[in-house]
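Engineer: Input structure: data_31.pdb, which contains PDB, C-alpha atoms.
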```pdb
MODEL        1
ATOM      1  CA  MET I 892       0.000   0.000   0.000
ATOM      2  CA  THR I 893       1.249   3.481  -0.917
ATOM      3  CA  ALA I 894       1.115   6.024   1.921
ATOM      4  CA  LEU I 895       2.604   8.948   0.013
ATOM      5  CA  ARG I 896       2.817   9.723  -3.660
ATOM      6  CA  ALA I 897       4.431  13.048  -4.485
ATOM      7  CA  HIS I 898       5.477  14.791  -7.676
ATOM      8  CA  VAL I 899       6.925  18.100  -6.567
ATOM      9  CA  VAL I 900       7.555  20.699  -9.267
ATOM     10  CA  LEU I 901       8.764  24.178  -8.290
ATOM     11  CA  ARG I 902      10.015  25.994 -11.355
ATOM     12  CA  ASP I 903      11.723  28.919  -9.633
ATOM     13  CA  ARG I 904      13.852  26.466  -7.624
ATOM     14  CA  ASP I 905      14.348  24.108 -10.589
ATOM     15  CA  VAL I 906      12.977  21.154  -8.624
ATOM     16  CA  ASP I 907      11.171  18.246 -10.292
ATOM     17  CA  VAL I 908      11.123  15.234  -7.969
ATOM     18  CA  GLU I 909       8.851  12.201  -7.772
ATOM     19  CA  LEU I 910       8.637  10.112  -4.603
ATOM     20  CA  VAL I 911       6.621   7.113  -3.478
ATOM     21  CA  VAL I 912       6.630   5.900   0.130
ATOM     22  CA  GLY I 913       5.089   2.600   1.230
ATOM     23  CA  ALA I 914       2.905   2.111   4.270
ATOM     24  CA  ASP I 915       5.701   0.870   6.550
ATOM     25  CA  GLU I 916       8.676   2.338   4.747
ATOM     26  CA  CYS I 917      11.270   4.895   5.833
ATOM     27  CA  VAL I 918      12.838   6.538   2.791
ATOM     28  CA  ALA I 919      16.069   8.498   3.209
ATOM     29  CA  LEU I 920      16.384  11.579   1.016
ATOM     30  CA  VAL I 921      20.048  12.437   0.525
ATOM     31  CA  GLY I 922      22.018  14.798  -1.682
ATOM     32  CA  PRO I 923      24.378  17.778  -1.594
ATOM     33  CA  ASN I 924      23.393  21.076   0.009
ATOM     34  CA  GLY I 925      21.003  22.968  -2.225
ATOM     35  CA  ALA I 926      19.892  19.861  -4.114
ATOM     36  CA  GLY I 927      16.226  20.382  -3.194
ATOM     37  CA  LYS I 928      15.713  17.916  -0.352
ATOM     38  CA  SER I 929      14.175  20.342   2.137
ATOM     39  CA  THR I 930      12.149  21.943  -0.667
ATOM     40  CA  VAL I 931      10.489  18.583  -1.330
ATOM     41  CA  VAL I 932       9.774  18.061   2.371
ATOM     42  CA  GLU I 933       8.334  21.559   2.796
ATOM     43  CA  ALA I 934       6.059  21.052  -0.210
ATOM     44  CA  ILE I 935       4.741  17.763   1.188
ATOM     45  CA  ALA I 936       4.189  19.419   4.567
ATOM     46  CA  GLY I 937       2.221  22.238   2.948
ATOM     47  CA  LEU I 938       4.742  24.996   3.663
ATOM     48  CA  LEU I 939       5.311  25.517  -0.071
ATOM     49  CA  ARG I 940       2.796  25.406  -2.926
ATOM     50  CA  ILE I 941       3.816  23.329  -5.924
ATOM     51  CA  ASP I 942       3.594  24.716  -9.453
ATOM     52  CA  ALA I 943       2.725  21.382 -11.038
ATOM     53  CA  GLY I 944       2.605  17.685 -10.246
ATOM     54  CA  GLY I 945       0.625  16.471  -7.269
ATOM     55  CA  ILE I 946       0.844  15.237  -3.682
ATOM     56  CA  GLN I 947      -1.320  12.474  -2.260
ATOM     57  CA  VAL I 948      -1.245  11.455   1.398
ATOM     58  CA  ALA I 949      -2.980   8.173   2.297
ATOM     59  CA  GLY I 950      -4.760   8.244  -1.048
ATOM     60  CA  ARG I 951      -6.058  11.804  -0.619
ATOM     61  CA  SER I 952      -4.917  14.679  -2.804
ATOM     62  CA  VAL I 953      -3.506  17.522  -0.718
ATOM     63  CA  ASP I 954      -1.993  19.598  -3.543
ATOM     64  CA  ASP I 955      -2.547  19.288  -7.286
ATOM     65  CA  GLY I 956      -0.849  22.504  -8.316
ATOM     66  CA  ARG I 957      -4.153  24.394  -8.327
ATOM     67  CA  ARG I 958      -5.761  23.697  -4.962
ATOM     68  CA  ALA I 959      -3.920  22.872  -1.759
ATOM     69  CA  VAL I 960      -5.084  21.528   1.600
ATOM     70  CA  PRO I 961      -3.711  23.621   4.519
ATOM     71  CA  SER I 962      -0.728  22.084   6.274
ATOM     72  CA  HIS I 963      -2.588  21.450   9.551
ATOM     73  CA  ARG I 964      -5.186  19.324   7.733
ATOM     74  CA  ARG I 965      -2.787  17.092   5.799
ATOM     75  CA  ARG I 966      -2.030  14.555   8.563
ATOM     76  CA  VAL I 967       1.656  15.128   7.938
ATOM     77  CA  GLY I 968       4.028  15.294  10.906
ATOM     78  CA  LEU I 969       7.161  17.407  10.538
ATOM     79  CA  VAL I 970      10.306  17.376  12.691
ATOM     80  CA  THR I 971      13.037  19.835  11.696
ATOM     81  CA  GLN I 972      16.506  20.708  12.974
ATOM     82  CA  ARG I 973      15.081  22.916  15.735
ATOM     83  CA  PRO I 974      12.399  21.659  18.153
ATOM     84  CA  GLU I 975      10.483  24.980  18.149
ATOM     85  CA  LEU I 976       8.528  24.078  21.297
ATOM     86  CA  PHE I 977       5.946  26.468  22.739
ATOM     87  CA  PRO I 978       7.828  28.119  25.629
ATOM     88  CA  ASP I 979       4.669  28.825  27.630
ATOM     89  CA  ARG I 980       3.457  25.198  27.690
ATOM     90  CA  SER I 981       4.802  22.199  29.542
ATOM     91  CA  VAL I 982       6.248  19.260  27.644
ATOM     92  CA  ALA I 983       2.917  17.459  27.974
ATOM     93  CA  GLY I 984       1.127  20.576  26.779
ATOM     94  CA  ASN I 985       3.376  20.796  23.738
ATOM     95  CA  VAL I 986       2.917  17.156  22.817
ATOM     96  CA  GLY I 987      -0.837  17.270  23.454
ATOM     97  CA  TYR I 988      -1.332  20.417  21.382
ATOM     98  CA  GLY I 989      -2.044  18.522  18.147
ATOM     99  CA  PRO I 990      -4.694  16.237  19.623
ATOM    100  CA  ARG I 991      -6.367  19.183  21.369
ATOM    101  CA  ALA I 992      -6.357  21.181  18.123
ATOM    102  CA  ALA I 993      -8.006  18.187  16.438
ATOM    103  CA  GLY I 994     -10.876  18.404  18.929
ATOM    104  CA  LEU I 995      -9.943  15.760  21.499
ATOM    105  CA  GLY I 996     -10.738  16.354  25.152
ATOM    106  CA  GLY I 997      -8.087  17.007  27.777
ATOM    107  CA  ARG I 998      -7.988  13.463  29.128
ATOM    108  CA  GLU I 999      -7.648  11.829  25.708
ATOM    109  CA  ALA I1000      -5.093  14.418  24.612
ATOM    110  CA  ARG I1001      -3.023  13.695  27.728
ATOM    111  CA  LEU I1002      -3.244   9.953  27.010
ATOM    112  CA  ARG I1003      -1.984  10.592  23.474
ATOM    113  CA  SER I1004       0.779  12.771  24.886
ATOM    114  CA  ASP I1005       1.874  10.145  27.431
ATOM    115  CA  THR I1006       1.863   7.408  24.773
ATOM    116  CA  ALA I1007       3.983   9.472  22.381
ATOM    117  CA  LEU I1008       6.425  10.519  25.105
ATOM    118  CA  SER I1009       6.783   6.916  26.218
ATOM    119  CA  ALA I1010       7.588   5.882  22.649
ATOM    120  CA  VAL I1011      10.623   8.201  22.635
ATOM    121  CA  ASP I1012      11.602   7.466  26.254
ATOM    122  CA  ALA I1013      10.674  10.950  27.449
ATOM    123  CA  LEU I1014       7.628  10.412  29.679
ATOM    124  CA  ALA I1015       9.620  11.573  32.716
ATOM    125  CA  LEU I1016       9.864  14.995  31.077
ATOM    126  CA  ALA I1017       6.091  15.507  30.819
ATOM    127  CA  ASP I1018       5.791  18.229  33.466
ATOM    128  CA  ARG I1019       9.011  20.039  32.585
ATOM    129  CA  ALA I1020       9.177  23.456  30.927
ATOM    130  CA  PRO I1021      10.884  23.555  27.502
ATOM    131  CA  ALA I1022      13.504  26.015  28.781
ATOM    132  CA  THR I1023      14.786  23.382  31.227
ATOM    133  CA  LEU I1024      15.457  20.757  28.534
ATOM    134  CA  SER I1025      18.739  19.893  26.886
ATOM    135  CA  GLY I1026      18.943  19.958  23.104
ATOM    136  CA  GLY I1027      18.535  16.198  22.839
ATOM    137  CA  GLN I1028      15.601  16.140  25.241
ATOM    138  CA  ALA I1029      13.846  18.941  23.371
ATOM    139  CA  GLN I1030      14.263  17.129  20.067
ATOM    140  CA  ARG I1031      12.805  13.929  21.519
ATOM    141  CA  VAL I1032       9.826  15.971  22.690
ATOM    142  CA  ALA I1033       9.475  17.409  19.175
ATOM    143  CA  ILE I1034       9.372  13.869  17.771
ATOM    144  CA  ALA I1035       6.735  12.916  20.355
ATOM    145  CA  ARG I1036       4.691  15.994  19.410
ATOM    146  CA  ALA I1037       4.666  14.875  15.786
ATOM    147  CA  LEU I1038       3.657  11.324  16.750
ATOM    148  CA  ALA I1039       0.832  12.459  19.050
ATOM    149  CA  ALA I1040      -0.939  14.073  16.084
ATOM    150  CA  ASP I1041      -1.223  10.588  14.521
ATOM    151  CA  PRO I1042       0.337  11.554  11.184
ATOM    152  CA  ALA I1043      -0.269   9.525   8.050
ATOM    153  CA  VAL I1044       3.287  10.433   7.002
ATOM    154  CA  LEU I1045       6.211  11.524   9.183
ATOM    155  CA  LEU I1046       8.762  13.956   7.737
ATOM    156  CA  LEU I1047      12.173  14.211   9.427
ATOM    157  CA  ASP I1048      14.266  17.081   8.060
ATOM    158  CA  GLU I1049      17.818  16.698   9.426
ATOM    159  CA  PRO I1050      16.517  16.024  12.950
ATOM    160  CA  THR I1051      19.951  15.484  14.538
ATOM    161  CA  SER I1052      22.110  17.989  12.655
ATOM    162  CA  ALA I1053      21.919  20.653  15.391
ATOM    163  CA  LEU I1054      22.775  18.234  18.224
ATOM    164  CA  ASP I1055      26.088  17.412  19.825
ATOM    165  CA  VAL I1056      27.520  13.923  19.458
ATOM    166  CA  GLU I1057      26.354  12.698  22.872
ATOM    167  CA  ALA I1058      22.728  13.708  22.268
ATOM    168  CA  ARG I1059      22.522  12.134  18.830
ATOM    169  CA  ASP I1060      22.454   8.534  20.064
ATOM    170  CA  ASP I1061      19.403   9.153  22.254
ATOM    171  CA  VAL I1062      17.588  11.010  19.492
ATOM    172  CA  ARG I1063      18.417   8.301  16.953
ATOM    173  CA  ALA I1064      16.871   5.751  19.306
ATOM    174  CA  ALA I1065      13.750   7.925  19.474
ATOM    175  CA  LEU I1066      13.684   8.201  15.687
ATOM    176  CA  ARG I1067      13.985   4.444  15.368
ATOM    177  CA  ALA I1068      10.932   3.998  17.579
ATOM    178  CA  ALA I1069       9.069   6.691  15.641
ATOM    179  CA  VAL I1070       9.548   5.244  12.149
ATOM    180  CA  VAL I1071       8.850   1.582  12.897
ATOM    181  CA  GLY I1072       5.740   0.640  10.943
ATOM    182  CA  ARG I1073       5.139   4.270   9.966
ATOM    183  CA  PRO I1074       5.631   5.816   6.491
ATOM    184  CA  SER I1075       8.477   8.297   6.856
ATOM    185  CA  ILE I1076      10.889  10.473   4.911
ATOM    186  CA  LEU I1077      14.277  11.176   6.458
ATOM    187  CA  VAL I1078      16.477  13.997   5.169
ATOM    188  CA  THR I1079      19.997  13.562   6.497
ATOM    189  CA  HIS I1080      23.700  13.947   5.792
ATOM    190  CA  ASP I1081      24.549  11.123   8.182
ATOM    191  CA  PRO I1082      25.138   7.635   6.696
ATOM    192  CA  ILE I1083      24.740   6.113  10.169
ATOM    193  CA  GLU I1084      21.160   7.378  10.359
ATOM    194  CA  VAL I1085      20.413   6.042   6.898
ATOM    195  CA  VAL I1086      21.669   2.569   7.796
ATOM    196  CA  ALA I1087      19.847   2.579  11.145
ATOM    197  CA  LEU I1088      16.501   3.934   9.956
ATOM    198  CA  ALA I1089      15.908   3.736   6.218
ATOM    199  CA  SER I1090      14.852   0.785   4.098
ATOM    200  CA  ARG I1091      15.288   2.737   0.873
ATOM    201  CA  VAL I1092      17.417   5.671  -0.304
ATOM    202  CA  VAL I1093      16.624   8.369  -2.871
ATOM    203  CA  VAL I1094      19.544  10.520  -4.069
ATOM    204  CA  ILE I1095      18.739  14.033  -5.320
ATOM    205  CA  GLU I1096      21.134  16.258  -7.243
ATOM    206  CA  HIS I1097      20.253  19.600  -8.848
ATOM    207  CA  GLY I1098      16.568  19.131  -8.099
ATOM    208  CA  ARG I1099      16.298  15.712  -9.768
ATOM    209  CA  VAL I1100      16.350  12.102  -8.595
ATOM    210  CA  VAL I1101      19.597  10.562  -9.851
ATOM    211  CA  GLU I1102      19.553   7.265  -7.967
ATOM    212  CA  GLN I1103      17.235   5.254  -5.741
ATOM    213  CA  GLY I1104      16.931   1.769  -4.344
ATOM    214  CA  PRO I1105      17.256  -0.369  -1.202
ATOM    215  CA  THR I1106      19.646   1.045   1.371
ATOM    216  CA  ASP I1107      22.172  -1.780   1.129
ATOM    217  CA  ARG I1108      22.303  -1.490  -2.662
ATOM    218  CA  VAL I1109      22.658   2.305  -2.832
ATOM    219  CA  LEU I1110      25.298   2.440  -0.103
ATOM    220  CA  GLY I1111      27.076  -0.725  -1.204
ATOM    221  CA  ARG I1112      26.892  -0.275  -4.985
ATOM    222  CA  PRO I1113      26.208   3.407  -5.674
ATOM    223  CA  THR I1114      25.671   4.557  -9.256
ATOM    224  CA  SER I1115      25.791   8.326  -8.631
ATOM    225  CA  ALA I1116      28.738  10.475  -7.639
ATOM    226  CA  PHE I1117      27.005  11.728  -4.511
ATOM    227  CA  GLY I1118      25.847   8.219  -3.578
ATOM    228  CA  ALA I1119      29.455   7.071  -3.652
ATOM    229  CA  ALA I1120      30.716  10.069  -1.685
ATOM    230  CA  PHE I1121      27.920   9.686   0.876
ATOM    231  CA  SER I1122      28.737   6.040   1.500
ATOM    232  CA  GLY I1123      32.475   6.749   1.685
ATOM    233  CA  LEU I1124      33.216   4.811  -1.507
ATOM    234  CA  VAL I1125      35.251   5.801  -4.542
ATOM    235  CA  LEU I1126      33.407   5.561  -7.852
ATOM    236  CA  VAL I1127      35.345   5.240 -11.116
ATOM    237  CA  VAL I1128      34.106   4.680 -14.661
ATOM    238  CA  GLY I1129      35.685   2.789 -17.530
ATOM    239  CA  THR I1130      35.361  -0.165 -19.873
ATOM    240  CA  ALA I1131      34.857  -3.772 -18.869
ATOM    241  CA  THR I1132      37.720  -6.199 -19.351
ATOM    242  CA  SER I1133      37.785  -9.937 -18.833
ATOM    243  CA  ARG I1134      39.166  -9.340 -15.335
ATOM    244  CA  GLY I1135      37.644  -6.046 -14.218
ATOM    245  CA  ILE I1136      37.722  -2.464 -15.485
ATOM    246  CA  ALA I1137      40.041  -0.528 -17.792
ATOM    247  CA  LEU I1138      40.330   3.106 -16.721
ATOM    248  CA  PRO I1139      40.351   6.133 -19.046
ATOM    249  CA  GLY I1140      43.528   7.377 -17.338
ATOM    250  CA  GLY I1141      45.281   4.102 -18.118
ATOM    251  CA  GLY I1142      45.662   0.815 -16.304
ATOM    252  CA  GLU I1143      43.261  -1.841 -15.094
ATOM    253  CA  LEU I1144      41.647  -2.698 -11.761
ATOM    254  CA  VAL I1145      40.830  -6.355 -11.181
ATOM    255  CA  SER I1146      37.624  -7.551  -9.527
ATOM    256  CA  ALA I1147      37.213 -10.989  -7.947
ATOM    257  CA  THR I1148      33.497 -11.044  -8.767
ATOM    258  CA  HIS I1149      33.396  -9.431 -12.227
ATOM    259  CA  THR I1150      31.815 -11.667 -14.870
ATOM    260  CA  GLY I1151      30.437  -9.170 -17.419
ATOM    261  CA  PRO I1152      31.330  -9.159 -21.138
ATOM    262  CA  PRO I1153      34.396  -7.074 -22.094
ATOM    263  CA  GLY I1154      33.956  -3.806 -23.939
ATOM    264  CA  ARG I1155      30.826  -2.450 -22.292
ATOM    265  CA  ALA I1156      30.702   0.746 -20.247
ATOM    266  CA  VAL I1157      30.980  -0.046 -16.531
ATOM    267  CA  GLN I1158      31.691   1.618 -13.218
ATOM    268  CA  ALA I1159      33.486   0.317 -10.171
ATOM    269  CA  ALA I1160      33.199   1.170  -6.485
ATOM    270  CA  TYR I1161      35.629   0.498  -3.664
ATOM    271  CA  HIS I1162      36.441   1.818  -0.211
ATOM    272  CA  PRO I1163      39.642   3.929  -0.042
ATOM    273  CA  THR I1164      41.079   1.664   2.669
ATOM    274  CA  ALA I1165      41.005  -1.235   0.166
ATOM    275  CA  ALA I1166      43.566   0.547  -2.019
ATOM    276  CA  VAL I1167      47.329   0.029  -1.763
ATOM    277  CA  VAL I1168      49.842   2.715  -2.757
ATOM    278  CA  THR I1169      53.386   1.806  -3.784
ATOM    279  CA  ARG I1170      56.238   3.437  -5.641
ATOM    280  CA  ASP I1171      56.794   0.615  -8.139
ATOM    281  CA  GLY I1172      54.278  -2.120  -7.374
ATOM    282  CA  ALA I1173      51.116  -3.342  -9.023
ATOM    283  CA  GLY I1174      48.223  -1.191 -10.160
ATOM    284  CA  PRO I1175      47.696   1.771 -12.482
ATOM    285  CA  GLU I1176      50.364   4.467 -12.450
ATOM    286  CA  ARG I1177      49.101   7.809 -11.212
ATOM    287  CA  THR I1178      50.308  11.247 -10.113
ATOM    288  CA  VAL I1179      49.596  12.331  -6.521
ATOM    289  CA  ARG I1180      47.374  15.424  -6.644
ATOM    290  CA  GLY I1181      46.706  15.824  -2.937
ATOM    291  CA  LEU I1182      47.428  14.481   0.555
ATOM    292  CA  GLU I1183      44.870  14.967   3.332
ATOM    293  CA  PRO I1184      44.699  13.831   6.980
ATOM    294  CA  ARG I1185      41.656  11.616   7.454
ATOM    295  CA  ASP I1186      40.702   9.935  10.778
ATOM    296  CA  GLY I1187      44.229   8.823  11.632
ATOM    297  CA  LEU I1188      45.031   7.993   8.008
ATOM    298  CA  VAL I1189      46.359   9.922   5.024
ATOM    299  CA  ARG I1190      44.101  10.250   1.993
ATOM    300  CA  VAL I1191      46.074  10.064  -1.235
ATOM    301  CA  ARG I1192      44.235  11.658  -4.147
ATOM    302  CA  THR I1193      45.041  11.223  -7.836
ATOM    303  CA  ASP I1194      42.976  12.356 -10.812
ATOM    304  CA  ASP I1195      40.584   9.401 -10.485
ATOM    305  CA  LEU I1196      41.798   6.982  -7.797
ATOM    306  CA  VAL I1197      41.806   7.580  -4.043
ATOM    307  CA  ALA I1198      43.526   5.609  -1.292
ATOM    308  CA  ASP I1199      43.574   5.887   2.489
ATOM    309  CA  VAL I1200      46.954   4.753   3.820
ATOM    310  CA  THR I1201      48.439   4.711   7.281
ATOM    311  CA  ILE I1202      50.672   7.528   8.436
ATOM    312  CA  ALA I1203      53.511   5.021   8.613
ATOM    313  CA  THR I1204      53.016   4.091   4.950
ATOM    314  CA  ALA I1205      52.834   7.732   3.855
ATOM    315  CA  THR I1206      56.015   8.469   5.814
ATOM    316  CA  ARG I1207      57.872   5.415   4.497
ATOM    317  CA  LEU I1208      56.984   6.349   0.902
ATOM    318  CA  ALA I1209      57.790  10.039   1.601
ATOM    319  CA  LEU I1210      54.739  11.015  -0.417
ATOM    320  CA  THR I1211      54.378  14.547  -1.731
ATOM    321  CA  ARG I1212      52.210  16.183  -4.378
ATOM    322  CA  GLY I1213      53.424  15.491  -7.879
ATOM    323  CA  ASP I1214      54.933  12.106  -7.019
ATOM    324  CA  THR I1215      54.345   9.145  -9.335
ATOM    325  CA  VAL I1216      52.838   6.128  -7.565
ATOM    326  CA  HIS I1217      50.989   2.923  -8.335
ATOM    327  CA  VAL I1218      47.487   2.393  -6.889
ATOM    328  CA  ALA I1219      46.085  -1.126  -6.632
ATOM    329  CA  VAL I1220      42.762  -2.225  -5.153
ATOM    330  CA  ASP I1221      42.059  -5.545  -3.439
ATOM    331  CA  PRO I1222      40.051  -7.499  -6.071
ATOM    332  CA  ALA I1223      37.708  -8.820  -3.382
ATOM    333  CA  GLU I1224      36.790  -5.203  -2.461
ATOM    334  CA  LEU I1225      36.147  -3.943  -6.017
ATOM    335  CA  ASP I1226      32.545  -4.072  -7.206
ATOM    336  CA  VAL I1227      32.027  -3.614 -10.953
ATOM    337  CA  SER I1228      28.590  -2.942 -12.455
ATOM    338  CA  ALA I1229      27.111  -1.801 -15.760
ATOM    339  CA  ARG I1230      26.606   1.926 -16.307
TER
ENDMDL
END
```
Have the structure of the file written as structure tokens, please.
Structural biologist:
Amino acid sequence: MTALRAHVVLRDRDVDVELVVGADECVALVGPNGAGKSTVVEAIAGLLRIDAGGIQVAGRSVDDGRRAVPSHRRRVGLVTQRPELFPDRSVAGNVGYGPRAAGLGGREARLRSDTALSAVDALALADRAPATLSGGQAQRVAIARALAADPAVLLLDEPTSALDVEARDDVRAALRAAVVGRPSILVTHDPIEVVALASRVVVIEHGRVVEQGPTDRVLGRPTSAFGAAFSGLVLVVGTATSRGIALPGGGELVSATHTGPPGRAVQAAYHPTAAVVTRDGAGPERTVRGLEPRDGLVRVRTDDLVADVTIATATRLALTRGDTVHVAVDPAELDVSAR
């Protein structure tokens, strides 16, 4: 069953994106800054009017480009980077606001509030004032507030990006409880959140969908440049050989699992730690274009190949920009697929 079907067209922002979300599916929306992710979310939430296309929530049209249902009547829950809690209401009052606005009595609204707060492990905060909450606590309350309104679709727009590292784990646990069995869209720059929460990934670049599929496939075998960068992989293109891939810059990378016919256009993905850099060993010959510190390693960049080597290796090789090196990739770590 489809919970959300959206075709968002905003001409002035050059956005034309189609999305479908299943009844129990969490879809991660990823892409570079300015790609249009938040624009899509705001249109679904009713904060922006679309120019064309259409948005259906639970089978009901809420915007067809001519007429739009107000945001508060769409049954769409929205959690953004900032909690934006009402400062003059208690936590329970904030969470119960949606049910009360929908016409429920005080007792039933409080029951909804308690249930939602329990789901995100924040019931103990019910009588607190928002000003007394930490950033992580306030964001958990914001998630509970969205849940208490019984949304048909839950929209999560970078919900942990404004939090410190310690608070993120608690909020991620709350998000995990919130999306289970509930149609959701998650906008994030964090691969950990995608792996933990999303069953499917949609990659947006320049206002268009450039890649989509199950989370393990998109992160493990990306076909877009951003998908590869997001997952931490290196993506190279070339021509299939009997053993792997021939690169435009010269040389060949071998794959242990490649079985495709030679001559066709292919791409290959690998993690930078699977690459080996030597002065005169195996692998394509390349010129070092950059050296960057990276999580206790040194990232060696060439025109197309990237390798993460230990500091000891970089020191032993005395690597500097402009040096000629050979870059090989473990065949078992190289995934080759058709373009």
Engineer: Determine the residue membership of the PyMOL selection byres ((chain I and resi 1113) around 12) for the file above and supply it as a PyMOL selection string.
Structural biologist: chain I and resi 1092-1094+1101-1112+1114-1127+1158-1162+1226-1230
Engineer: Deliver the residues from the most recent selection as a file, using C-alpha atoms, as a PDB file, in the frame of the given file.
Structural biologist:
```
ATOM      1  CA  VAL I1092      17.417   5.671  -0.304  1.00  0.00           C
ATOM      2  CA  VAL I1093      16.624   8.369  -2.871  1.00  0.00           C
ATOM      3  CA  VAL I1094      19.544  10.520  -4.069  1.00  0.00           C
ATOM      4  CA  VAL I1101      19.597  10.562  -9.851  1.00  0.00           C
ATOM      5  CA  GLU I1102      19.553   7.265  -7.967  1.00  0.00           C
ATOM      6  CA  GLN I1103      17.235   5.254  -5.741  1.00  0.00           C
ATOM      7  CA  GLY I1104      16.931   1.769  -4.344  1.00  0.00           C
ATOM      8  CA  PRO I1105      17.256  -0.369  -1.202  1.00  0.00           C
ATOM      9  CA  THR I1106      19.646   1.045   1.371  1.00  0.00           C
ATOM     10  CA  ASP I1107      22.172  -1.780   1.129  1.00  0.00           C
ATOM     11  CA  ARG I1108      22.303  -1.490  -2.662  1.00  0.00           C
ATOM     12  CA  VAL I1109      22.658   2.305  -2.832  1.00  0.00           C
ATOM     13  CA  LEU I1110      25.298   2.440  -0.103  1.00  0.00           C
ATOM     14  CA  GLY I1111      27.076  -0.725  -1.204  1.00  0.00           C
ATOM     15  CA  ARG I1112      26.892  -0.275  -4.985  1.00  0.00           C
ATOM     16  CA  THR I1114      25.671   4.557  -9.256  1.00  0.00           C
ATOM     17  CA  SER I1115      25.791   8.326  -8.631  1.00  0.00           C
ATOM     18  CA  ALA I1116      28.738  10.475  -7.639  1.00  0.00           C
ATOM     19  CA  PHE I1117      27.005  11.728  -4.511  1.00  0.00           C
ATOM     20  CA  GLY I1118      25.847   8.219  -3.578  1.00  0.00           C
ATOM     21  CA  ALA I1119      29.455   7.071  -3.652  1.00  0.00           C
ATOM     22  CA  ALA I1120      30.716  10.069  -1.685  1.00  0.00           C
ATOM     23  CA  PHE I1121      27.920   9.686   0.876  1.00  0.00           C
ATOM     24  CA  SER I1122      28.737   6.040   1.500  1.00  0.00           C
ATOM     25  CA  GLY I1123      32.475   6.749   1.685  1.00  0.00           C
ATOM     26  CA  LEU I1124      33.216   4.811  -1.507  1.00  0.00           C
ATOM     27  CA  VAL I1125      35.251   5.801  -4.542  1.00  0.00           C
ATOM     28  CA  LEU I1126      33.407   5.561  -7.852  1.00  0.00           C
ATOM     29  CA  VAL I1127      35.345   5.240 -11.116  1.00  0.00           C
ATOM     30  CA  GLN I1158      31.691   1.618 -13.218  1.00  0.00           C
ATOM     31  CA  ALA I1159      33.486   0.317 -10.171  1.00  0.00           C
ATOM     32  CA  ALA I1160      33.199   1.170  -6.485  1.00  0.00           C
ATOM     33  CA  TYR I1161      35.629   0.498  -3.664  1.00  0.00           C
ATOM     34  CA  HIS I1162      36.441   1.818  -0.211  1.00  0.00           C
ATOM     35  CA  ASP I1226      32.545  -4.072  -7.206  1.00  0.00           C
ATOM     36  CA  VAL I1227      32.027  -3.614 -10.953  1.00  0.00           C
ATOM     37  CA  SER I1228      28.590  -2.942 -12.455  1.00  0.00           C
ATOM     38  CA  ALA I1229      27.111  -1.801 -15.760  1.00  0.00           C
ATOM     39  CA  ARG I1230      26.606   1.926 -16.307  1.00  0.00           C
TER      40      ARG I1230
END
```
Engineer: The residues within 12 Å of (-8.5, 11.2, -0.9), using only C-alpha atoms and the coordinates of the file, should be reported as a VMD selection string; which are they?
Structural biologist: chain I and resid 894 to 896 946 to 955 960 965 to 966
Engineer: Nearest to Ala1068 of chain I among I:Leu1182, I:Val912, I:Ile1034, I:Ala1156, with distances taken over all atoms listed in the file: which residue is it?
Structural biologist: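 For Ala1068 of chain I, the nearest of the given residues is I:Ile1034.
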Engineer: Identify which of the residues I:Asp1048, I:Glu1143, I:Asp1018, I:Asp1041 lies closest to Val1218 of chain I, counting only C-alpha atoms when measuring atom-to-atom distances.
Structural biologist: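 Of the candidates, the smallest distance to Val1218 of chain I is held by I:Glu1143.
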Engineer: Can you spell out as a compact mmCIF listing (two decimals) with C-alpha atoms, in the coordinates of the input the set of residues that the PyMOL selection byres ((chain I and resi 1185) around 12) selects in the structure I just provided?
Structural biologist:
```txt
# COMPACT_ATOMS: atom_id res chain seq x y z
CA GLY I 1123 32.48 6.75 1.68
CA PRO I 1163 39.64 3.93 -0.04
CA THR I 1164 41.08 1.66 2.67
CA LEU I 1182 47.43 14.48 0.56
CA GLU I 1183 44.87 14.97 3.33
CA PRO I 1184 44.70 13.83 6.98
CA ASP I 1186 40.70 9.94 10.78
CA GLY I 1187 44.23 8.82 11.63
CA LEU I 1188 45.03 7.99 8.01
CA VAL I 1189 46.36 9.92 5.02
CA ARG I 1190 44.10 10.25 1.99
CA VAL I 1191 46.07 10.06 -1.24
CA ARG I 1192 44.24 11.66 -4.15
CA ALA I 1198 43.53 5.61 -1.29
CA ASP I 1199 43.57 5.89 2.49
CA VAL I 1200 46.95 4.75 3.82
CA THR I 1201 48.44 4.71 7.28
CA ILE I 1202 50.67 7.53 8.44
```
Engineer: Any idea what the distance is between atom CA of Arg964 of chain I and atom CA of Gly1098 of chain I?
Structural biologist: 26.9 Å
Engineer: Using only C-alpha atoms and a cutoff of 10 Å, can you tell me which residues are near (40.2, 0.8, -14.8) in the file's coordinates, and write them out as a list in words?
Structural biologist: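 Output of the proximity query reads Val1127, Val1128, Gly1129, Thr1130, Ala1131, Thr1132, Gly1135, Ile1136, Ala1137, Leu1138, Pro1139, Gly1140, Gly1141, Gly1142, Glu1143, Leu1144, Val1145, Val1157, Gln1158, Ala1159, Gly1174, Pro1175, Asp1195 and Leu1196 of chain I.
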Engineer: Can you tell me which residues surround Ser981 of chain I at a distance of at most 12 Å, considering only C-alpha atoms, apart from same-chain residues fewer than 6 positions away, and format the answer as a short mmCIF file (atom, residue, chain, number, x, y, z; two decimals) with C-alpha atoms, keeping the file's coordinate frame?
Structural biologist:
```
data_model
loop_
_atom_site.label_atom_id
_atom_site.label_comp_id
_atom_site.auth_asym_id
_atom_site.auth_seq_id
_atom_site.Cartn_x
_atom_site.Cartn_y
_atom_site.Cartn_z
CA GLY I 987 -0.84 17.27 23.45
CA TYR I 988 -1.33 20.42 21.38
CA ARG I 1001 -3.02 13.70 27.73
CA SER I 1004 0.78 12.77 24.89
CA LEU I 1016 9.86 15.00 31.08
CA ALA I 1017 6.09 15.51 30.82
CA ASP I 1018 5.79 18.23 33.47
CA ARG I 1019 9.01 20.04 32.58
CA ALA I 1020 9.18 23.46 30.93
CA PRO I 1021 10.88 23.56 27.50
CA ALA I 1022 13.50 26.02 28.78
CA THR I 1023 14.79 23.38 31.23
CA LEU I 1024 15.46 20.76 28.53
CA ALA I 1029 13.85 18.94 23.37
CA VAL I 1032 9.83 15.97 22.69
CA ARG I 1036 4.69 15.99 19.41
#
```
